[in-house]
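J.: Got a file for you: upload-v3.cif, mmCIF, C-alpha atoms.
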```
data_data
#
loop_
_atom_site.group_PDB
_atom_site.id
_atom_site.type_symbol
_atom_site.label_atom_id
_atom_site.label_comp_id
_atom_site.auth_asym_id
_atom_site.auth_seq_id
_atom_site.Cartn_x
_atom_site.Cartn_y
_atom_site.Cartn_z
ATOM 1 C CA MET A 1 -32.414 10.577 22.971
ATOM 2 C CA ASN A 2 -29.014 9.529 21.664
ATOM 3 C CA ARG A 3 -28.396 6.729 24.171
ATOM 4 C CA LEU A 4 -29.702 3.255 23.402
ATOM 5 C CA ASP A 5 -27.792 -0.030 23.477
ATOM 6 C CA TYR A 6 -26.157 -0.751 20.099
ATOM 7 C CA ASN A 7 -27.729 2.408 18.610
ATOM 8 C CA THR A 8 -26.519 5.979 18.201
ATOM 9 C CA GLY A 9 -28.900 8.821 17.445
ATOM 10 C CA GLN A 10 -28.322 10.821 14.256
ATOM 11 C CA TYR A 11 -29.307 14.505 14.181
ATOM 12 C CA TYR A 12 -29.515 17.431 11.821
ATOM 13 C CA VAL A 13 -28.722 20.724 13.583
ATOM 14 C CA ARG A 14 -29.717 24.008 11.926
ATOM 15 C CA TYR A 15 -28.256 27.100 13.558
ATOM 16 C CA GLN A 16 -29.835 30.538 13.349
ATOM 17 C CA LEU A 17 -26.899 32.904 13.045
ATOM 18 C CA GLY A 18 -26.722 35.720 15.544
ATOM 19 C CA THR A 19 -29.219 34.224 17.995
ATOM 20 C CA GLU A 20 -27.268 31.240 19.353
ATOM 21 C CA GLN A 21 -30.445 29.181 18.819
ATOM 22 C CA ALA A 22 -30.877 26.057 16.726
ATOM 23 C CA ASP A 23 -33.336 23.502 15.455
ATOM 24 C CA VAL A 24 -32.285 19.975 16.427
ATOM 25 C CA VAL A 25 -34.024 17.313 14.347
ATOM 26 C CA PHE A 26 -33.772 13.603 15.092
ATOM 27 C CA MET A 27 -32.978 11.830 11.811
ATOM 28 C CA GLY A 28 -32.969 8.208 12.969
ATOM 29 C CA TRP A 29 -30.893 5.553 14.662
ATOM 30 C CA SER A 30 -27.614 4.164 13.377
ATOM 31 C CA GLY A 31 -26.391 0.748 14.429
ATOM 32 C CA SER A 32 -23.285 -0.199 16.341
ATOM 33 C CA THR A 33 -21.441 -3.270 17.582
ATOM 34 C CA SER A 34 -20.709 -1.397 20.793
ATOM 35 C CA GLU A 35 -23.121 -1.466 23.718
ATOM 36 C CA ALA A 36 -21.716 1.850 24.934
ATOM 37 C CA THR A 37 -23.488 4.758 23.267
ATOM 38 C CA PRO A 38 -23.266 7.224 21.705
ATOM 39 C CA ASP A 39 -20.646 5.508 19.571
ATOM 40 C CA GLY A 40 -17.965 7.829 18.178
ATOM 41 C CA HIS A 41 -17.710 5.699 15.023
ATOM 42 C CA ASN A 42 -21.229 6.724 13.951
ATOM 43 C CA GLN A 43 -20.529 10.181 12.580
ATOM 44 C CA PRO A 44 -22.947 11.219 9.798
ATOM 45 C CA ILE A 45 -22.158 13.131 6.605
ATOM 46 C CA LEU A 46 -23.925 16.201 5.229
ATOM 47 C CA LEU A 47 -23.569 17.120 1.533
ATOM 48 C CA LEU A 48 -25.030 19.950 -0.560
ATOM 49 C CA ASP A 49 -25.867 19.340 -4.232
ATOM 50 C CA SER A 50 -26.032 21.770 -7.167
ATOM 51 C CA GLN A 51 -29.752 22.363 -6.545
ATOM 52 C CA LYS A 52 -28.994 23.373 -2.934
ATOM 53 C CA ARG A 53 -30.586 20.222 -1.554
ATOM 54 C CA LEU A 54 -29.073 18.582 1.509
ATOM 55 C CA HIS A 55 -28.050 14.946 1.606
ATOM 56 C CA PHE A 56 -27.737 13.295 5.005
ATOM 57 C CA ILE A 57 -25.831 10.000 5.130
ATOM 58 C CA SER A 58 -25.766 8.181 8.433
ATOM 59 C CA GLY A 59 -22.727 6.908 10.214
ATOM 60 C CA ALA A 60 -22.448 3.338 11.462
ATOM 61 C CA HIS A 61 -20.201 0.945 13.335
ATOM 62 C CA ASN A 62 -20.182 -2.353 11.451
ATOM 63 C CA HIS A 63 -23.802 -1.785 10.450
ATOM 64 C CA GLN A 64 -26.175 -0.409 7.790
ATOM 65 C CA ILE A 65 -25.906 3.141 6.478
ATOM 66 C CA TRP A 66 -28.802 5.133 5.026
ATOM 67 C CA HIS A 67 -29.510 8.302 3.050
ATOM 68 C CA ARG A 68 -32.116 11.061 3.438
ATOM 69 C CA TYR A 69 -32.426 14.222 1.339
ATOM 70 C CA SER A 70 -34.138 17.552 1.945
ATOM 71 C CA LEU A 71 -37.569 17.853 0.324
ATOM 72 C CA ALA A 72 -36.706 21.324 -0.955
ATOM 73 C CA PRO A 73 -33.562 23.397 -1.485
ATOM 74 C CA VAL A 74 -32.187 25.086 1.611
ATOM 75 C CA THR A 75 -32.691 28.385 -0.216
ATOM 76 C CA ASN A 76 -36.442 27.729 -0.508
ATOM 77 C CA ASN A 77 -38.265 30.266 1.672
ATOM 78 C CA GLU A 78 -40.911 27.807 2.885
ATOM 79 C CA TRP A 79 -38.380 25.094 3.712
ATOM 80 C CA ASN A 80 -36.151 27.702 5.349
ATOM 81 C CA ASN A 81 -39.083 29.288 7.208
ATOM 82 C CA GLY A 82 -37.989 32.765 6.248
ATOM 83 C CA ASP A 83 -34.644 32.302 7.979
ATOM 84 C CA ASN A 84 -36.456 31.686 11.244
ATOM 85 C CA LEU A 85 -36.367 28.662 13.518
ATOM 86 C CA TRP A 86 -38.540 25.760 12.448
ATOM 87 C CA GLY A 87 -39.952 25.121 15.859
ATOM 88 C CA ASN A 88 -41.717 21.818 16.427
ATOM 89 C CA VAL A 89 -41.020 19.857 13.222
ATOM 90 C CA ALA A 90 -40.050 16.250 12.597
ATOM 91 C CA ALA A 91 -37.470 14.985 10.126
ATOM 92 C CA ASN A 92 -40.198 13.606 7.852
ATOM 93 C CA ASP A 93 -41.546 17.170 7.480
ATOM 94 C CA LYS A 94 -38.285 18.345 5.945
ATOM 95 C CA PHE A 95 -36.506 15.244 4.626
ATOM 96 C CA SER A 96 -37.283 12.100 2.685
ATOM 97 C CA TYR A 97 -38.444 9.073 4.644
ATOM 98 C CA GLY A 98 -36.261 7.690 7.383
ATOM 99 C CA ARG A 99 -36.686 4.894 9.876
ATOM 100 C CA GLU A 100 -36.906 6.285 13.377
ATOM 101 C CA THR A 101 -37.192 3.006 15.283
ATOM 102 C CA PRO A 102 -34.027 1.448 16.759
ATOM 103 C CA VAL A 103 -32.015 -1.038 14.733
ATOM 104 C CA GLY A 104 -31.035 -4.470 15.982
ATOM 105 C CA ARG A 105 -27.586 -5.632 16.949
ATOM 106 C CA TYR A 106 -25.787 -6.910 13.871
ATOM 107 C CA PRO A 107 -26.136 -9.532 12.526
ATOM 108 C CA GLU A 108 -28.510 -11.590 14.642
ATOM 109 C CA GLU A 109 -31.250 -9.008 15.113
ATOM 110 C CA THR A 110 -30.799 -6.825 12.032
ATOM 111 C CA SER A 111 -33.751 -6.146 9.764
ATOM 112 C CA SER A 112 -34.344 -3.814 6.837
ATOM 113 C CA ASP A 113 -37.156 -1.373 6.059
ATOM 114 C CA SER A 114 -38.268 -1.357 2.416
ATOM 115 C CA LYS A 115 -38.927 2.401 2.550
ATOM 116 C CA VAL A 116 -35.451 3.314 3.814
ATOM 117 C CA ASP A 117 -32.874 4.399 1.236
ATOM 118 C CA TYR A 118 -30.020 2.117 2.282
ATOM 119 C CA VAL A 119 -26.619 2.901 0.825
ATOM 120 C CA GLY A 120 -24.744 -0.130 -0.472
ATOM 121 C CA GLN A 121 -25.655 -3.548 0.866
ATOM 122 C CA PRO A 122 -28.807 -3.465 3.044
ATOM 123 C CA LEU A 123 -27.022 -5.742 5.497
ATOM 124 C CA GLY A 124 -23.561 -4.293 4.996
ATOM 125 C CA ARG A 125 -21.279 -3.880 7.973
ATOM 126 C CA TYR A 126 -19.990 -0.382 7.265
ATOM 127 C CA THR A 127 -17.772 1.917 9.345
ATOM 128 C CA TYR A 128 -15.817 5.134 8.747
ATOM 129 C CA VAL A 129 -17.927 6.476 5.898
ATOM 130 C CA HIS A 130 -16.320 9.257 3.853
ATOM 131 C CA ALA A 131 -18.125 10.879 0.916
ATOM 132 C CA ALA A 132 -18.075 13.575 -1.741
ATOM 133 C CA ILE A 133 -20.669 14.953 -4.144
ATOM 134 C CA GLN A 134 -19.712 15.681 -7.742
ATOM 135 C CA SER A 135 -20.795 18.377 -10.209
ATOM 136 C CA ASP A 136 -23.526 16.140 -11.668
ATOM 137 C CA ASP A 137 -24.822 15.503 -8.113
ATOM 138 C CA SER A 138 -23.635 11.911 -8.059
ATOM 139 C CA ILE A 139 -22.449 10.840 -4.630
ATOM 140 C CA VAL A 140 -19.325 8.750 -4.090
ATOM 141 C CA LEU A 141 -18.381 7.021 -0.850
ATOM 142 C CA ALA A 142 -15.457 5.106 0.601
ATOM 143 C CA MET A 143 -15.953 3.022 3.723
ATOM 144 C CA ARG A 144 -14.770 -0.071 5.524
ATOM 145 C CA ASN A 145 -16.954 -3.165 5.204
ATOM 146 C CA THR A 146 -16.631 -6.223 7.448
ATOM 147 C CA ALA A 147 -19.581 -8.216 6.083
ATOM 148 C CA PRO A 148 -18.317 -11.733 5.291
ATOM 149 C CA THR A 149 -17.715 -12.723 1.667
ATOM 150 C CA ALA A 150 -16.346 -15.865 0.064
ATOM 151 C CA SER A 151 -12.965 -14.207 -0.510
ATOM 152 C CA ALA A 152 -12.842 -12.461 2.869
ATOM 153 C CA PRO A 153 -14.808 -14.386 5.530
ATOM 154 C CA SER A 154 -13.584 -12.047 8.260
ATOM 155 C CA GLY A 155 -11.729 -9.354 6.377
ATOM 156 C CA TYR A 156 -11.921 -5.605 6.843
ATOM 157 C CA ARG A 157 -12.103 -4.323 3.263
ATOM 158 C CA LEU A 158 -11.951 -0.753 1.983
ATOM 159 C CA GLU A 159 -14.878 -0.495 -0.446
ATOM 160 C CA TRP A 160 -16.450 1.968 -2.877
ATOM 161 C CA ILE A 161 -20.080 2.926 -3.549
ATOM 162 C CA THR A 162 -21.558 5.363 -6.070
ATOM 163 C CA GLY A 163 -24.991 6.964 -6.077
ATOM 164 C CA THR A 164 -26.677 8.335 -9.207
ATOM 165 C CA PRO A 165 -29.580 10.816 -8.824
ATOM 166 C CA GLN A 166 -32.933 9.720 -10.257
ATOM 167 C CA THR A 167 -35.760 11.915 -11.524
ATOM 168 C CA ASN A 168 -37.865 11.222 -8.408
ATOM 169 C CA GLY A 169 -35.184 12.569 -6.072
ATOM 170 C CA GLN A 170 -34.045 9.126 -4.993
ATOM 171 C CA TYR A 171 -30.583 7.738 -5.661
ATOM 172 C CA LYS A 172 -29.556 4.538 -7.382
ATOM 173 C CA TRP A 173 -26.725 3.063 -5.357
ATOM 174 C CA GLN A 174 -24.138 0.775 -6.901
ATOM 175 C CA ASP A 175 -21.730 -1.267 -4.843
ATOM 176 C CA LYS A 176 -18.492 -1.004 -6.828
ATOM 177 C CA GLY A 177 -16.669 -3.511 -4.660
ATOM 178 C CA VAL A 178 -13.249 -3.615 -3.067
ATOM 179 C CA ILE A 179 -10.538 -0.983 -3.434
ATOM 180 C CA VAL A 180 -8.218 -2.553 -0.866
ATOM 181 C CA MET A 181 -8.317 -6.195 0.249
ATOM 182 C CA PRO A 182 -6.142 -6.509 3.362
ATOM 183 C CA ASN A 183 -3.700 -9.355 3.805
ATOM 184 C CA TRP A 184 -4.453 -9.373 7.521
ATOM 185 C CA GLN A 185 -7.844 -10.964 8.221
ATOM 186 C CA GLN A 186 -8.452 -9.612 11.716
ATOM 187 C CA TYR A 187 -8.991 -5.951 12.566
ATOM 188 C CA SER A 188 -7.813 -3.467 9.930
ATOM 189 C CA ASN A 189 -8.274 0.302 9.842
ATOM 190 C CA TYR A 190 -7.565 2.711 6.980
ATOM 191 C CA THR A 191 -8.477 6.215 8.264
ATOM 192 C CA GLN A 192 -9.358 7.046 4.652
ATOM 193 C CA LYS A 193 -10.088 10.542 3.367
ATOM 194 C CA LEU A 194 -11.812 11.359 0.080
ATOM 195 C CA HIS A 195 -11.268 14.608 -1.840
ATOM 196 C CA GLN A 196 -11.878 15.932 -5.340
ATOM 197 C CA ASP A 197 -10.309 18.677 -7.441
ATOM 198 C CA LYS A 198 -11.938 21.269 -9.690
ATOM 199 C CA ARG A 199 -11.815 18.863 -12.624
ATOM 200 C CA GLY A 200 -13.763 16.168 -10.823
ATOM 201 C CA ASN A 201 -10.784 13.892 -10.218
ATOM 202 C CA LEU A 202 -11.145 11.932 -6.990
ATOM 203 C CA TYR A 203 -8.317 11.409 -4.526
ATOM 204 C CA LEU A 204 -8.461 8.681 -1.906
ATOM 205 C CA LEU A 205 -5.819 8.833 0.810
ATOM 206 C CA TYR A 206 -5.498 5.972 3.252
ATOM 207 C CA THR A 207 -3.050 4.596 5.777
ATOM 208 C CA TYR A 208 -3.116 1.249 7.533
ATOM 209 C CA GLU A 209 -2.925 -0.409 10.921
ATOM 210 C CA ILE A 210 -3.833 -3.791 12.412
ATOM 211 C CA GLN A 211 -5.128 -4.843 15.827
ATOM 212 C CA ASN A 212 -6.251 -7.898 17.803
ATOM 213 C CA PHE A 213 -3.135 -10.059 18.009
ATOM 214 C CA ASN A 214 -1.076 -11.342 20.930
ATOM 215 C CA ASP A 215 2.308 -12.783 21.866
ATOM 216 C CA ASN A 216 1.315 -16.178 20.453
ATOM 217 C CA THR A 217 -0.114 -15.049 17.103
ATOM 218 C CA TRP A 218 1.410 -16.564 13.964
ATOM 219 C CA PHE A 219 0.235 -15.480 10.546
ATOM 220 C CA ASN A 220 0.192 -17.663 7.437
ATOM 221 C CA GLN A 221 1.024 -15.233 4.625
ATOM 222 C CA THR A 222 -0.075 -17.605 1.882
ATOM 223 C CA LEU A 223 -3.506 -18.488 3.264
ATOM 224 C CA ARG A 224 -4.020 -15.193 5.163
ATOM 225 C CA VAL A 225 -4.990 -16.985 8.371
ATOM 226 C CA SER A 226 -3.814 -16.454 11.950
ATOM 227 C CA LYS A 227 -3.107 -19.274 14.385
ATOM 228 C CA SER A 228 -2.083 -19.404 18.034
ATOM 229 C CA SER A 229 1.183 -21.291 17.481
ATOM 230 C CA GLN A 230 3.859 -21.779 14.836
ATOM 231 C CA GLN A 231 3.019 -25.475 14.652
ATOM 232 C CA GLU A 232 -0.652 -24.820 13.931
ATOM 233 C CA CYS A 233 0.287 -22.249 11.310
ATOM 234 C CA ALA A 234 2.764 -24.596 9.606
ATOM 235 C CA LEU A 235 0.200 -27.393 9.375
ATOM 236 C CA LEU A 236 -1.853 -25.200 7.023
ATOM 237 C CA SER A 237 0.883 -25.091 4.352
ATOM 238 C CA ASP A 238 4.573 -24.736 5.198
ATOM 239 C CA VAL A 239 6.502 -23.269 8.100
ATOM 240 C CA LYS A 240 8.178 -20.841 5.672
ATOM 241 C CA ASP A 241 4.775 -19.208 5.148
ATOM 242 C CA CYS A 242 4.451 -18.335 8.835
ATOM 243 C CA ILE A 243 5.561 -15.157 10.583
ATOM 244 C CA HIS A 244 5.380 -14.266 14.263
ATOM 245 C CA VAL A 245 3.273 -11.098 14.214
ATOM 246 C CA VAL A 246 4.787 -9.313 17.218
ATOM 247 C CA SER A 247 8.350 -10.019 16.032
ATOM 248 C CA GLU A 248 7.496 -8.866 12.518
ATOM 249 C CA HIS A 249 6.078 -5.624 13.869
ATOM 250 C CA TYR A 250 9.280 -4.819 15.775
ATOM 251 C CA ARG A 251 11.427 -5.843 12.799
ATOM 252 C CA ARG A 252 9.672 -3.230 10.682
ATOM 253 C CA TRP A 253 9.131 -0.554 13.332
ATOM 254 C CA PRO A 254 11.645 -1.174 16.159
ATOM 255 C CA ASN A 255 10.876 2.137 17.879
ATOM 256 C CA GLU A 256 7.087 1.798 17.849
ATOM 257 C CA MET A 257 5.823 0.137 21.009
ATOM 258 C CA LEU A 258 2.622 -1.831 20.657
ATOM 259 C CA ALA A 259 -0.452 -0.564 22.483
ATOM 260 C CA GLY A 260 -2.878 -2.661 24.481
ATOM 261 C CA SER A 261 -2.016 -5.764 26.462
ATOM 262 C CA PRO A 262 -0.087 -8.962 25.628
ATOM 263 C CA SER A 263 -3.444 -10.667 25.081
ATOM 264 C CA ARG A 264 -4.720 -8.026 22.627
ATOM 265 C CA TYR A 265 -2.189 -5.759 20.961
ATOM 266 C CA SER A 266 -2.814 -2.942 18.530
ATOM 267 C CA GLN A 267 -0.466 -0.781 16.511
ATOM 268 C CA GLN A 268 -0.254 2.766 17.821
ATOM 269 C CA PHE A 269 0.338 4.409 14.462
ATOM 270 C CA GLN A 270 -0.865 4.139 10.887
ATOM 271 C CA HIS A 271 1.599 2.939 8.252
ATOM 272 C CA HIS A 272 2.142 2.852 4.499
ATOM 273 C CA PRO A 273 0.242 5.982 3.333
ATOM 274 C CA VAL A 274 -1.190 5.593 -0.167
ATOM 275 C CA LEU A 275 -2.779 8.203 -2.443
ATOM 276 C CA LEU A 276 -5.015 6.861 -5.212
ATOM 277 C CA VAL A 277 -6.635 8.911 -7.974
ATOM 278 C CA SER A 278 -9.665 8.221 -10.177
ATOM 279 C CA SER A 279 -10.982 10.159 -13.167
ATOM 280 C CA ASP A 280 -14.104 8.021 -13.716
ATOM 281 C CA LYS A 281 -16.070 8.289 -10.459
ATOM 282 C CA GLY A 282 -14.055 5.551 -8.827
ATOM 283 C CA ASN A 283 -14.644 2.830 -11.417
ATOM 284 C CA THR A 284 -10.874 2.540 -11.786
ATOM 285 C CA TRP A 285 -8.040 3.733 -9.560
ATOM 286 C CA ARG A 286 -4.346 4.347 -10.064
ATOM 287 C CA LEU A 287 -1.497 5.466 -7.867
ATOM 288 C CA ALA A 288 -1.124 9.229 -7.794
ATOM 289 C CA THR A 289 2.320 10.263 -9.012
ATOM 290 C CA THR A 290 4.098 13.616 -8.904
ATOM 291 C CA GLU A 291 4.298 13.661 -12.684
ATOM 292 C CA ALA A 292 0.566 13.099 -13.085
ATOM 293 C CA LEU A 293 -0.330 15.710 -10.468
ATOM 294 C CA LEU A 294 1.890 18.339 -12.107
ATOM 295 C CA SER A 295 0.379 17.601 -15.539
ATOM 296 C CA GLN A 296 -3.116 18.403 -14.206
ATOM 297 C CA GLN A 297 -2.321 21.605 -12.367
ATOM 298 C CA THR A 298 -4.114 24.763 -13.425
ATOM 299 C CA LYS A 299 -1.655 27.576 -14.004
#
```
Take the structure in the file and give it back as structure tokens.

T.:
Amino acid sequence: MNRLDYNTGQYYVRYQLGTEQADVVFMGWSGSTSEATPDGHNQPILLLDSQKRLHFISGAHNHQIWHRYSLAPVTNNEWNNGDNLWGNVAANDKFSYGRETPVGRYPEETSSDSKVDYVGQPLGRYTYVHAAIQSDDSIVLAMRNTAPTASAPSGYRLEWITGTPQTNGQYKWQDKGVIVMPNWQQYSNYTQKLHQDKRGNLYLLYTYEIQNFNDNTWFNQTLRVSKSSQQECALLSDVKDCIHVVSEHYRRWPNEMLAGSPSRYSQQFQHHPVLLVSSDKGNTWRLATTEALLSQQTK
């Protein structure tokens, strides 16, 4: 049941060691901009908190993401069924509420369910979700968001969300905004990874690539807009602001051939790796330096 246009099924799989058997529980649908399913972008995340409760965060491809948590710790004998298979159970028997009906194609047919625990913006366009859970059970997430904003009408931003546990088991999610605002306003990808050390410091590693340009693409560096000719680009401000994207790529990386076709190129490799560090749950970030890393090592 994981094939449905613009939807990818999300599942929790619980293996019984030594028997090669498993419970497979359908957790809900996650949205996609791709008609082909299942969509490899929609990989979910599973976290374990200090109380041994599971947290399931859906994947997405330019769509909503949602959160469900186990109704009891995984060490609870009743929830764990005495280390036996669950048998015929539904996700709502073991986890907090989740919407099990398909989602619409974003944005025209997208709706929200008031009972679903959406993470971030209910109509966010999230992809490549990466998360960590901290010692106080707060959840932190980095993901790409392509939902239009006034400052980035078509930008692919790297954003940050925090979740604080509430007494009722729910989480209060706070959209902390943009970590990286790309200069390029078409397709951007960061391949970000989120880690934390024993002291709770967070480390966000990302690299960068662009896609969706062709032999005629000119980019206005001042206004961050692409046009299909140098003349069109220059009319926006000044010809000095305009660069030919293909030529600029080969100037910087002469040995890296572009992938795709002349009508739709993409860079084959990620560039400009950056490691950021935060000591306050991602409220502020700074570049990680060798000196700072050595000062925090445990000897």

J.: So, counting all atoms listed in the file, which residue among A:Pro182, A:Glu232, A:Val239, A:Gly260 is closest to A:Asn214?

T.: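 Nearest to A:Asn214: A:Gly260.
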
J.: For stretch 34-45 of chain A, list every protein, DNA or RNA residue within 6 Å, evaluated using only C-alpha atoms, and leave out those in the same chain fewer than 2 positions away; present the list as a PyMOL selection string.

T.: chain A and resi 3+5-6+8+32+56-61

J.: Using only C-alpha atoms, pick whichever of A:Gln211, A:Thr298, A:Gln134, A:Asn80 has the shortest atom-to-atom distance to A:Gln267.

T.: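 The closest residue to A:Gln267 is A:Gln211.
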
J.: When you look at A:Glu159 with a cut-off of 8 Å (counting all atoms listed in the file), what residues show up, excluding the ones that are within fewer than 5 positions of it in the same chain? I need them as a PDB file with C-alpha atoms, keeping the file's coordinate frame.

T.:
```
ATOM      1  CA  ALA A 142     -15.457   5.106   0.601  1.00  0.00           C
ATOM      2  CA  MET A 143     -15.953   3.022   3.723  1.00  0.00           C
ATOM      3  CA  ARG A 144     -14.770  -0.071   5.524  1.00  0.00           C
ATOM      4  CA  ASN A 145     -16.954  -3.165   5.204  1.00  0.00           C
ATOM      5  CA  LYS A 176     -18.492  -1.004  -6.828  1.00  0.00           C
ATOM      6  CA  GLY A 177     -16.669  -3.511  -4.660  1.00  0.00           C
ATOM      7  CA  VAL A 178     -13.249  -3.615  -3.067  1.00  0.00           C
ATOM      8  CA  ILE A 179     -10.538  -0.983  -3.434  1.00  0.00           C
ATOM      9  CA  VAL A 180      -8.218  -2.553  -0.866  1.00  0.00           C
TER      10      VAL A 180
END
```

J.: Enumerate, as a PyMOL selection string, the residues matched when the PyMOL selection byres ((chain A and resi 208) around 12) is run on the file above.

T.: chain A and resi 144+156-158+180-184+187-192+205-207+209-211+266-274

J.: Please enumerate the residues selected by the PyMOL selection byres ((chain A and resi 10) around 6) when evaluated against the supplied file, formatted as a list in words.

T.: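 Checked against the file, the PyMOL selection byres ((chain A and resi 10) around 6) matches Gly9, Tyr11, Met27, Gly28 and Trp29 of chain A.
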
J.: One number please: atom CA of A:Leu194 to atom CA of A:Ser96, in Å, one decimal.

T.: 25.6 Å
